[in-house]
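Note sheet for the following structure.
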Amino acid sequence: MSNNIVCHDGKLTSNGLRCKINPVGQNRFIGSTVTANKIFNSCNEAVADIFDGATIMVGGFGSYGGLPINLIVALSGQGAKDLTIIANMGGVGHELSHRIKPGGYQDSGILFENGQVSKFIGSVPALGGMPPTSPLEILFNEGKVEIETVPQGTLAERLRCGAGGLGGFYTPVGIGTTVEEGKEKKVIDGREYILELPLTADFALIKAHKADAFGNLVYRQTARCFNPVMAMAAKVTIVEVDELVPAGQLDPEVIVTPHIYVNRIVEVPQ
Amino acid sequence: MNDRLGEQTIALRAAREFTDGSVVNLGYGMPGLCANLIPGDKTVFFQSENGMLGYGSLATDEEKDYELINASDQPVTPLPGMCFFDSAAAFDMIRGGHIDIVVLGAYQVSEKGDLANWGRPGRPATGMGGGMDLAVGAKKIIVTMLHTTKDGVPRIVSECTYPLTARHCVSLIITDLAVMEITENGLLLKELAPGWTVPEVQALTGAKLTPAEDLKEIEL
């Protein structure tokens, strides 16, 4: 591990890390000599400044695995309103969640139930294989929330464009369907494409398996899914993790999300 | 009236299409059963759009790990050599033509291979998930479905009336009554469920079926 980052006592570095000058010979990446101000004691504190009208990405795929459940519950308690939620799925709500996982779980449904959301952007607002009783589907049918339905791969790529500073991309997905309506079309090498635009957000709520104190993240199995690309696409990324470890404890070769994309970390042991 | 094939049998017939070494994505519902139906002498790499390649069969209750799920929210089992990646990488694989076969469910399929599998009347809030990306990107699209609705209305039609997933994408349809190939000349009827005749199946189909010269009973 190199020692080439220059830190000054009490001053914030460009990475948002508050560092102390180390005694000679001590590796400043390990242990208490590095104090990251990214670490929050609770999910409630981590979501406290989410404001009315904010656009929020919610990670995971849709069901339990990879869903930032504790941050979602904290946001429901915090009460911010008129939110735009960007997520792969609209959530099934606690009642239907028992059909997916014994005992059930909370998902974005709780935000819809609370009347906190005015718009949803995602690929599966409601599951066709479930009864039409998810909170989002009920509110949509009552005309109380707007939905923008996006093919799942297009959603992932719009996030990646938002993360990577691109103005959009051309995809063949959606040609000949309702998805192409109102969008610019272009023929490239004889194939039709439609222009899709980037997505960004004020906040991303994501779930990872482990974070180090800098905010480097690793995930567990299919709980990775939309989390890394959302972490990169929001102004403020808030992550809940099973385990927080000192910097240097994650193998640099397997870190999936580099720490510069992560602003706040909450450890929620499983 | 003869019996219709069950979901397991339809999935087993679909799994027969998987060649050794192929990369296969299984859609929501009945297609997911194919993961349990791979013969021991074949290697098939199952890809899932939530970011997984090379998973095994569906998990039993004892094996369930809710951070190891397929795109239908079903826990699956790990296999040696499997790997994980994020959603953006998963769809690079899909749109980029790296998936050999996808098995999807459908509400309707047209005689031209148009697919409608995500929206239906009365459910405007359901979405297409990864279906459009898979239908556009995979090399071969197999549809497993019930031949008719519960009320006997044909799901195989001359023109889809439900919202489209993609046009001209399906190459093979496997139902509880028959196996049909989509050709330039329409629907080629290749196999029939045991006991069923061409006129009986035609009567439950909303498009013209052309019996193949080697039309036979479904083999599993």
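Order determines the names: the first chain of the structure tokens is A, the second B, and so forth; residues in each chain are numbered 1 upward, and ligands are numbered 1 upward as they are shown.
Residue-level contacts from chain B to chain A at 7 Å, counting only C-alpha atoms, read B:Asn50, B:Gly51, B:Met52, B:Tyr66, B:Glu67, B:Leu68, B:Ile69, B:Asp73, B:Phe84, B:Phe85, B:Asp86, B:Ser87, B:Ala88, B:Phe91, B:Ala125, B:Thr126, B:Gly127, B:Met128, B:Gly129, B:Gly130, B:Met132, B:Asp133, B:Val136, B:Leu164, B:Thr165, B:Ala166, B:Arg167.
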(request) Please run DSSP on the backbone and report, as an MDAnalysis selection string, all residues within region 39-216 of chain A that come out as strand (DSSP E or B). (result) chainID A and resid 39:40 55:58 83:86 89 117:122 124 126 146:149 169:171 185:188 191:196 201:212
(message) Can you pull out every residue from region 13-211 of chain B that DSSP, working from the backbone, puts in alpha helix (DSSP H), and format the result as a ChimeraX atom specification?
(response) /B:13-15,87-95,131-137,198-203
Fewer than 4 positions away in the same chain doesn't count, so skip those; otherwise give me all residues within 8 Å of Val218 (chain A), counting only C-alpha atoms, as an mmCIF file with C-alpha atoms, in the first residue's frame.
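So part.cif came out as:
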```
data_model
loop_
_atom_site.group_PDB
_atom_site.id
_atom_site.type_symbol
_atom_site.label_atom_id
_atom_site.label_comp_id
_atom_site.auth_asym_id
_atom_site.auth_seq_id
_atom_site.Cartn_x
_atom_site.Cartn_y
_atom_site.Cartn_z
ATOM 1 C CA ALA A 208 -23.531 -3.545 -0.813
ATOM 2 C CA HIS A 209 -22.038 -6.442 1.127
ATOM 3 C CA LYS A 210 -18.933 -4.702 2.431
ATOM 4 C CA ALA A 211 -17.542 -1.189 2.403
ATOM 5 C CA VAL A 254 -12.107 -7.276 -6.536
ATOM 6 C CA ILE A 255 -13.498 -3.862 -5.560
ATOM 7 C CA VAL A 256 -16.529 -3.257 -7.783
ATOM 8 C CA THR A 257 -17.471 0.321 -6.870
#
```
(message) Measuring between only C-alpha atoms, which one of A:Leu217, A:Leu195, A:Leu96, A:Val236 shows the shortest distance to Thr55 (chain A)?
(response) A:Val236
(message) As an exercise, work out the distance from CA of Leu172 (chain B) to CA of Glu17 (chain B) in Å and give it to one decimal place.
(response) 9.8 Å
